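Down below is the structure, laid out as structure tokens.
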Amino acid sequence: MTHAKTLYDKHIDSHTVCALDDQGHVLLYIDRQVINEYTSPQAFSGLRDAGRDVWRPQTALAVVDHVNPTAPMRVAAMADAGGALQVSYLQQNCEKFGIELLDVLDQRQGIEHVIAPEQGFILPGMVIAAGDSHTTTYGALGAFGFGIGTSEIEHLLATQTLVYKRLKSMRVNVEGTLGLGLTSKDLIMALIAKIGASGATGYAIEFTGSTIDTLSVEARMTICNMAVEAGARGAFMAPDDKVFAYLQLKPRAPQGEQWVRAMTRWRLLYSDPDAQFDQEVQLDASELEPMVTWGTSPDQAAAIGSRVPDPQAVSDLIVRQDMRRALNYMGLQAGTPLNEVVISHAFIGSCTNARIEDLRDAAHVVRGQKVASHVRAMIVPGSTQVRDQAEAEGLAAIFTDAGFEWRQSGCSMCLAMNDDVLAPGDRCASSTNRNFEGRQGTGARTHLMSPAMVAAAAITGHLIDVRQLSGRI
Amino acid sequence: MQPFTTVSGKAAPMLAANIDTDVIMPKQFLKGIDRNGLDRGVFFDLRFLPSGAPNPEFILNQPGWLAARFLVTGPNFGCGSSREHAVWGLKQLGIRALIGSSFAGIFYDNCQRNGVLVITLEDVLVQALGRLISQPETADITVDLVTQSIRLAEGSVIDFKIDGLRKTALLQGLDAIGSTLQRSAQIREFEQRHLQANPWLR
């Protein structure tokens, strides 16, 4: 009898060129990579300097997303000289090495982790590495994606492989029904709060359970995307009929007989019933409440109905110091009810939560309401295609009628590499993935939450349980 | 890649948890197409006051640690963004090794690729080391990769573990791409089989 395998084992075993030692290092074959303008330049320069070629250029897709402006009128020009240089160097590199580029004016442009699935570039069973930590997103399609640095991008471009060390495996099983007004964002935020920002460091997470089964593919992407905030170097689910239905209409999905053959292979992508995991975590979705962060690490999060926690109540000295430092940066007092925290900005965007379903959720809350007068509220769709679809569905009009800025696609204020930057002291309700110090601007304060929760905060002007806006969920 | 064998110097304590790569290298330093000038950006918001003057409270600005070669770090150091600029900047600032209880995965790999040694120790050892080096007089250490040991100012020695593959690469300053390309034939053979079995991956 053969050894029972986890889905992670299957992903890695099927892509192992050879073992490199007896410590778990393998030479791992990578099927696809996605390239952006800011983490790739030095990798291409390395190839140029060494006179090396790209091993298989058709397996890479490049897109401009991190530095481009998102002003409502789309233009080719970047906001600053550095961004312009990165974009023009990406164009030169893609031309020289024969890599397809979705430029800022391309109708398929958008945030890399939104457009790659949208284009059918990612398929179940693939192993994908890319120069962005949120490459874990692709696990929602039954693929295995993980982030790498620039040196590894160069290695991958030159060899189609990476020197890879096998991770430990963690199964997160989620059962129970998510309450009305709750989303997969609340679920992943609750998991991160539970296991900590390094709770999954050294692990690949497989998500299982009836709750995951009921989620849409896009909702699953939010979970896999943010699993990296718990330290996971990969997060995925077994692909099911929802995934196959999602993919079937995508431009680059296999067609005809190839599709049938592919489906036969994809249906084998699950953990064997007797497979052993190094760690097991259980989560009850029915107990969850909408989550918000109060600190400067994604695990510093709590249910919206609770209060800013008191560092004094924590016995661990280091944790207490970290909490104090976070509350000081955030300008919050222990004991303050979270739903009394007043915001200055609201941002719906990012590879975590700017897909069409996220915008529908937000629009549902916003319809017929007005953004609070002291709040600047922005929507940056995850891709140009999402933007077009939202306009066709009438969502854009709902947002602009309410006073939201309706912008072009890009990473934007998730990491503020472009000109969408907050000022010191600004406080933002944000559908993004990181509340780090300075992330959205030096001295700016970020509260992470679901798109619906951001919408509710934009309207009321403070953090609030979206379920309290009657008839809005 | 610069090899790592034995390095001596000051170790600076930086024991807060979850110091992320946004803090290590803020966004305004990510706009280049080369690796130059990133030493200026390291811990920028902590190292410099709004006026641009060095923040005297920040550890690496204090007289004892101006030439620090090592950081003794809190859990989950280097979490967040994949930006290798964080490691390039630390290296340019003179940091050759990091010693802590846990490191984020991408950051760990980025260090390895740049000849920055990452040493993982039990949390109690990291705490003890952190206390010892919290005074400049006792902050001198020697990290010896050959013997896998850290020699402390007061004479004691802490041993550490490292994968053989990583150790060899660091000791020899190996060109990782060159090493892998020696296996080109094996990669091509795998690729052919893989694409035949999964033709939609072509």
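Each chain of the structure tokens is named A, B, ... in the order shown, its residues numbered from 1; ligands are numbered from 1 in display order.
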
Mind checking which residues fall within 7 Å of B:Ile133, counting only C-alpha atoms, ignoring those fewer than 4 positions away in the same chain, and posting them as a PDB file with N, CA and C atoms, in the first residue's frame?
```
ATOM      1  N   ALA B  11      26.881  43.350  18.347  1.00  0.00           N
ATOM      2  CA  ALA B  11      25.521  42.871  18.097  1.00  0.00           C
ATOM      3  C   ALA B  11      24.544  43.835  18.764  1.00  0.00           C
ATOM      4  N   ALA B  12      23.529  44.237  18.020  1.00  0.00           N
ATOM      5  CA  ALA B  12      22.538  45.178  18.547  1.00  0.00           C
ATOM      6  C   ALA B  12      21.232  44.448  18.853  1.00  0.00           C
ATOM      7  N   PRO B  13      20.634  44.725  20.027  1.00  0.00           N
ATOM      8  CA  PRO B  13      19.361  44.077  20.352  1.00  0.00           C
ATOM      9  C   PRO B  13      18.177  44.770  19.675  1.00  0.00           C
ATOM     10  N   LEU B 129      20.924  36.188  25.263  1.00  0.00           N
ATOM     11  CA  LEU B 129      21.884  36.896  24.420  1.00  0.00           C
ATOM     12  C   LEU B 129      21.509  38.379  24.337  1.00  0.00           C
ATOM     13  N   THR B 138      29.622  44.603  26.503  1.00  0.00           N
ATOM     14  CA  THR B 138      29.523  43.145  26.354  1.00  0.00           C
ATOM     15  C   THR B 138      28.802  42.758  25.064  1.00  0.00           C
ATOM     16  N   ALA B 139      28.779  43.680  24.086  1.00  0.00           N
ATOM     17  CA  ALA B 139      28.031  43.425  22.851  1.00  0.00           C
ATOM     18  C   ALA B 139      28.903  42.848  21.742  1.00  0.00           C
TER      19      ALA B 139
END
```

If DSSP is run on the backbone, what residues of stretch 5-125 of chain B are strand (DSSP E or B)? A reply as JSON, numbers by chain would be ideal. {"B": [6, 7, 8, 9, 10, 11, 12, 13, 14, 20, 48, 54, 70, 71, 72, 73, 77, 79, 97, 98, 99, 100, 103, 117, 118, 119, 120]}

Set out as a Markdown table a contact list for chain A and chain B with a cut-off of 6 Å, giving each residue of chain A that qualifies its closest atom pair and distance in Å to one decimal, counting only C-alpha atoms, ordered by chain and rising residue number.
```
| residue | atom | partner | partner_atom | distance |
| --- | --- | --- | --- | --- |
| A:Val17 | CA | B:Phe190 | CA | 5.9 |
| A:Pro41 | CA | B:Ile33 | CA | 5.0 |
| A:Gln42 | CA | B:Asp34 | CA | 5.6 |
| A:Gly82 | CA | B:Lys31 | CA | 4.8 |
| A:Gly83 | CA | B:Lys31 | CA | 6.0 |
| A:Asp132 | CA | B:Ser82 | CA | 5.5 |
| A:Ser133 | CA | B:Ser82 | CA | 5.1 |
| A:Ile148 | CA | B:Ile106 | CA | 5.8 |
| A:Gly149 | CA | B:Glu84 | CA | 5.3 |
| A:His155 | CA | B:Ile177 | CA | 5.5 |
| A:Ser198 | CA | B:Asn76 | CA | 5.9 |
| A:Pro254 | CA | B:Trp200 | CA | 5.9 |
| A:Met417 | CA | B:Lys27 | CA | 5.7 |
```

Prev. selection, C-alpha atoms, output as a PDB file, in the first residue's frame:
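Written out: selection_31.pdb:
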```pdb
ATOM      1  CA  VAL A  17      13.124  17.477 -10.435  1.00  0.00           C
ATOM      2  CA  PRO A  41      14.306  44.962 -12.245  1.00  0.00           C
ATOM      3  CA  GLN A  42      17.395  43.670 -10.433  1.00  0.00           C
ATOM      4  CA  GLY A  82      11.246  56.223 -10.098  1.00  0.00           C
ATOM      5  CA  GLY A  83       7.980  54.544 -11.082  1.00  0.00           C
ATOM      6  CA  ASP A 132       5.141  39.144  -4.186  1.00  0.00           C
ATOM      7  CA  SER A 133       4.219  37.649  -0.834  1.00  0.00           C
ATOM      8  CA  ILE A 148       9.866  34.859  -3.448  1.00  0.00           C
ATOM      9  CA  GLY A 149      12.472  37.609  -3.424  1.00  0.00           C
ATOM     10  CA  HIS A 155      16.962  31.989 -10.456  1.00  0.00           C
ATOM     11  CA  SER A 198       3.941  33.619  12.957  1.00  0.00           C
ATOM     12  CA  PRO A 254      -7.656  24.495 -21.660  1.00  0.00           C
ATOM     13  CA  MET A 417       3.980  52.880  -3.525  1.00  0.00           C
TER      14      MET A 417
END
```

Near A:Tyr138, within 8 Å and counting only C-alpha atoms, which residues show up once chain neighbours fewer than 5 positions away are dropped, as a ChimeraX atom specification? /A:113,117,122,128,143-145,221,224-225,236

Just to be explicit: take each residue in the selection above, keep N, CA and C atoms, and write the result as a JSON list (two decimals), in the first residue's frame.
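The resulting selection.json:
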```json
[["chain", "number", "residue", "atom", "x", "y", "z"],
["A", 113, "HIS", "N", -2.44, 39.46, -8.58],
["A", 113, "HIS", "CA", -3.16, 38.30, -8.04],
["A", 113, "HIS", "C", -4.66, 38.34, -8.35],
["A", 117, "PRO", "N", -5.64, 34.91, -12.02],
["A", 117, "PRO", "CA", -6.79, 34.00, -12.05],
["A", 117, "PRO", "C", -7.85, 34.41, -13.09],
["A", 122, "ILE", "N", -3.73, 30.78, -14.11],
["A", 122, "ILE", "CA", -3.48, 29.87, -13.00],
["A", 122, "ILE", "C", -4.47, 28.71, -13.07],
["A", 128, "ILE", "N", 3.28, 27.80, -8.61],
["A", 128, "ILE", "CA", 3.56, 29.16, -9.08],
["A", 128, "ILE", "C", 4.42, 29.86, -8.03],
["A", 143, "ALA", "N", -4.12, 25.37, -6.84],
["A", 143, "ALA", "CA", -2.70, 25.46, -7.22],
["A", 143, "ALA", "C", -1.89, 25.68, -5.95],
["A", 144, "PHE", "N", -0.56, 25.70, -6.10],
["A", 144, "PHE", "CA", 0.30, 26.00, -4.97],
["A", 144, "PHE", "C", 1.15, 27.21, -5.32],
["A", 145, "GLY", "N", 0.88, 28.34, -4.69],
["A", 145, "GLY", "CA", 1.61, 29.57, -5.00],
["A", 145, "GLY", "C", 2.34, 30.08, -3.79],
["A", 221, "MET", "N", -10.16, 32.98, -2.30],
["A", 221, "MET", "CA", -8.90, 33.69, -2.62],
["A", 221, "MET", "C", -8.50, 34.63, -1.49],
["A", 224, "CYS", "N", -6.75, 32.48, 1.18],
["A", 224, "CYS", "CA", -5.40, 32.03, 0.81],
["A", 224, "CYS", "C", -4.45, 33.22, 0.72],
["A", 225, "ASN", "N", -4.96, 34.33, 0.21],
["A", 225, "ASN", "CA", -4.16, 35.55, 0.09],
["A", 225, "ASN", "C", -3.59, 35.95, 1.44],
["A", 236, "PHE", "N", -3.82, 26.64, 0.52],
["A", 236, "PHE", "CA", -4.60, 26.15, -0.62],
["A", 236, "PHE", "C", -5.78, 25.32, -0.15]]
```

Take atom CA of A:Tyr38 and atom CA of A:Val67 and report the distance between them in Å, one decimal.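 Pair atom CA of A:Tyr38 / atom CA of A:Val67 returns 7.7 Å.
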
Which residue is closest to A:Pro381? Choose from A:Val260, A:Val114, A:Leu182, A:Leu268 and count only C-alpha atoms.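 Distance minimum relative to A:Pro381 lands on A:Val114.
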
Atomic distance atom CA of A:Cys414 - atom CA of A:Gln440, expressed in Å with one decimal: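 Straight-line distance from atom CA of A:Cys414 to atom CA of A:Gln440 works out to 6.3 Å.
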
Counting only C-alpha atoms, what is within 9 Å of A:Ala452, bar same-chain residues fewer than 4 positions away, as a PyMOL selection string? chain A and resi 181-183+358-366+431+456-457+466+473

Contacts of A:Asn353 within 8 Å, only C-alpha atoms, excl. fewer than 2 positions in-chain, as a PyMOL selection string: chain A and resi 222+348-351+355+358+382+431-432+450-451

Given only C-alpha atoms as the counted atoms, nearest of B:Trp65, B:Trp88, B:Phe160, B:Phe43 to B:Ser101: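 Between B:Trp65, B:Trp88, B:Phe160, B:Phe43, the residue approaching B:Ser101 most closely is B:Phe160.
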
Could you give me, as an MDAnalysis selection string, the residues within 8 Å of A:Gln91, counting only C-alpha atoms and dropping anything in the same chain fewer than 4 positions from it? chainID A and resid 87 95 101

Leaving out B:Leu93 and any residue of its chain fewer than 6 positions from it, which residues lie within 10 Å of it when counting only C-alpha atoms, given as a ChimeraX atom specification? /B:37-42,66-69,87

Distance atom CA of A:Leu283-atom CA of A:Ala190, one decimal place?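 The value is 8.8 Å.
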
Those in stretch 359-441 of chain A with helix (DSSP H, G or I) from DSSP, as a list in words: Leu359, Arg360, Asp361, Ala362, Ala363, His364, Val365, Val366, Thr384, Gln385, Val386, Arg387, Asp388, Gln389, Ala390, Glu391, Ala392, Leu395, Ala396, Ala397, Ile398, Phe399, Thr400, Asp401, Ala402, Ser412, Met413 and Cys414 of chain A

Output N, CA and C atoms for every residue in the selection just made, as an mmCIF file, in the first residue's frame.
```
data_model
loop_
_atom_site.group_PDB
_atom_site.id
_atom_site.type_symbol
_atom_site.label_atom_id
_atom_site.label_comp_id
_atom_site.auth_asym_id
_atom_site.auth_seq_id
_atom_site.Cartn_x
_atom_site.Cartn_y
_atom_site.Cartn_z
ATOM 1 N N LEU A 359 -16.891 44.159 -4.302
ATOM 2 C CA LEU A 359 -17.530 45.434 -4.635
ATOM 3 C C LEU A 359 -19.051 45.320 -4.518
ATOM 4 N N ARG A 360 -19.579 44.149 -4.863
ATOM 5 C CA ARG A 360 -21.040 43.942 -4.679
ATOM 6 C C ARG A 360 -21.406 44.025 -3.198
ATOM 7 N N ASP A 361 -20.597 43.375 -2.356
ATOM 8 C CA ASP A 361 -20.825 43.428 -0.900
ATOM 9 C C ASP A 361 -20.851 44.870 -0.408
ATOM 10 N N ALA A 362 -19.857 45.630 -0.842
ATOM 11 C CA ALA A 362 -19.739 47.015 -0.381
ATOM 12 C C ALA A 362 -20.904 47.855 -0.909
ATOM 13 N N ALA A 363 -21.236 47.658 -2.174
ATOM 14 C CA ALA A 363 -22.319 48.442 -2.791
ATOM 15 C C ALA A 363 -23.645 48.184 -2.089
ATOM 16 N N HIS A 364 -23.814 46.966 -1.637
ATOM 17 C CA HIS A 364 -25.047 46.606 -0.938
ATOM 18 C C HIS A 364 -25.225 47.448 0.330
ATOM 19 N N VAL A 365 -24.107 47.721 0.987
ATOM 20 C CA VAL A 365 -24.134 48.532 2.205
ATOM 21 C C VAL A 365 -24.301 50.018 1.868
ATOM 22 N N VAL A 366 -23.689 50.422 0.769
ATOM 23 C CA VAL A 366 -23.601 51.851 0.430
ATOM 24 C C VAL A 366 -24.873 52.391 -0.229
ATOM 25 N N THR A 384 -8.843 46.141 -14.166
ATOM 26 C CA THR A 384 -9.609 46.967 -15.103
ATOM 27 C C THR A 384 -10.891 46.224 -15.504
ATOM 28 N N GLN A 385 -10.779 44.910 -15.600
ATOM 29 C CA GLN A 385 -11.959 44.099 -15.929
ATOM 30 C C GLN A 385 -13.013 44.164 -14.821
ATOM 31 N N VAL A 386 -12.562 44.110 -13.575
ATOM 32 C CA VAL A 386 -13.491 44.251 -12.438
ATOM 33 C C VAL A 386 -14.146 45.633 -12.493
ATOM 34 N N ARG A 387 -13.342 46.638 -12.791
ATOM 35 C CA ARG A 387 -13.874 48.007 -12.889
ATOM 36 C C ARG A 387 -14.966 48.095 -13.957
ATOM 37 N N ASP A 388 -14.659 47.526 -15.125
ATOM 38 C CA ASP A 388 -15.636 47.554 -16.224
ATOM 39 C C ASP A 388 -16.925 46.824 -15.825
ATOM 40 N N GLN A 389 -16.739 45.671 -15.197
ATOM 41 C CA GLN A 389 -17.922 44.884 -14.802
ATOM 42 C C GLN A 389 -18.755 45.633 -13.758
ATOM 43 N N ALA A 390 -18.078 46.256 -12.803
ATOM 44 C CA ALA A 390 -18.791 46.999 -11.764
ATOM 45 C C ALA A 390 -19.554 48.174 -12.366
ATOM 46 N N GLU A 391 -18.999 48.777 -13.386
ATOM 47 C CA GLU A 391 -19.715 49.868 -14.055
ATOM 48 C C GLU A 391 -20.944 49.319 -14.777
ATOM 49 N N ALA A 392 -20.762 48.172 -15.440
ATOM 50 C CA ALA A 392 -21.880 47.566 -16.182
ATOM 51 C C ALA A 392 -23.000 47.139 -15.230
ATOM 52 N N LEU A 395 -22.718 49.262 -10.076
ATOM 53 C CA LEU A 395 -22.114 49.436 -8.754
ATOM 54 C C LEU A 395 -21.356 50.756 -8.664
ATOM 55 N N ALA A 396 -20.675 51.095 -9.760
ATOM 56 C CA ALA A 396 -19.871 52.323 -9.751
ATOM 57 C C ALA A 396 -20.752 53.530 -9.438
ATOM 58 N N ALA A 397 -21.934 53.553 -10.021
ATOM 59 C CA ALA A 397 -22.854 54.672 -9.802
ATOM 60 C C ALA A 397 -23.284 54.747 -8.337
ATOM 61 N N ILE A 398 -23.506 53.591 -7.726
ATOM 62 C CA ILE A 398 -23.871 53.570 -6.299
ATOM 63 C C ILE A 398 -22.765 54.209 -5.469
ATOM 64 N N PHE A 399 -21.530 53.851 -5.802
ATOM 65 C CA PHE A 399 -20.390 54.388 -5.042
ATOM 66 C C PHE A 399 -20.224 55.897 -5.269
ATOM 67 N N THR A 400 -20.272 56.311 -6.521
ATOM 68 C CA THR A 400 -20.025 57.742 -6.786
ATOM 69 C C THR A 400 -21.191 58.584 -6.246
ATOM 70 N N ASP A 401 -22.421 58.076 -6.323
ATOM 71 C CA ASP A 401 -23.566 58.804 -5.756
ATOM 72 C C ASP A 401 -23.385 59.028 -4.253
ATOM 73 N N ALA A 402 -22.747 58.050 -3.619
ATOM 74 C CA ALA A 402 -22.558 58.146 -2.164
ATOM 75 C C ALA A 402 -21.373 59.022 -1.787
ATOM 76 N N SER A 412 -2.138 50.478 -5.289
ATOM 77 C CA SER A 412 -2.615 51.715 -4.677
ATOM 78 C C SER A 412 -2.293 51.806 -3.185
ATOM 79 N N MET A 413 -3.276 52.194 -2.414
ATOM 80 C CA MET A 413 -3.061 52.523 -1.006
ATOM 81 C C MET A 413 -2.929 51.297 -0.097
ATOM 82 N N CYS A 414 -2.903 50.113 -0.681
ATOM 83 C CA CYS A 414 -2.579 48.950 0.154
ATOM 84 C C CYS A 414 -1.161 49.083 0.664
#
```
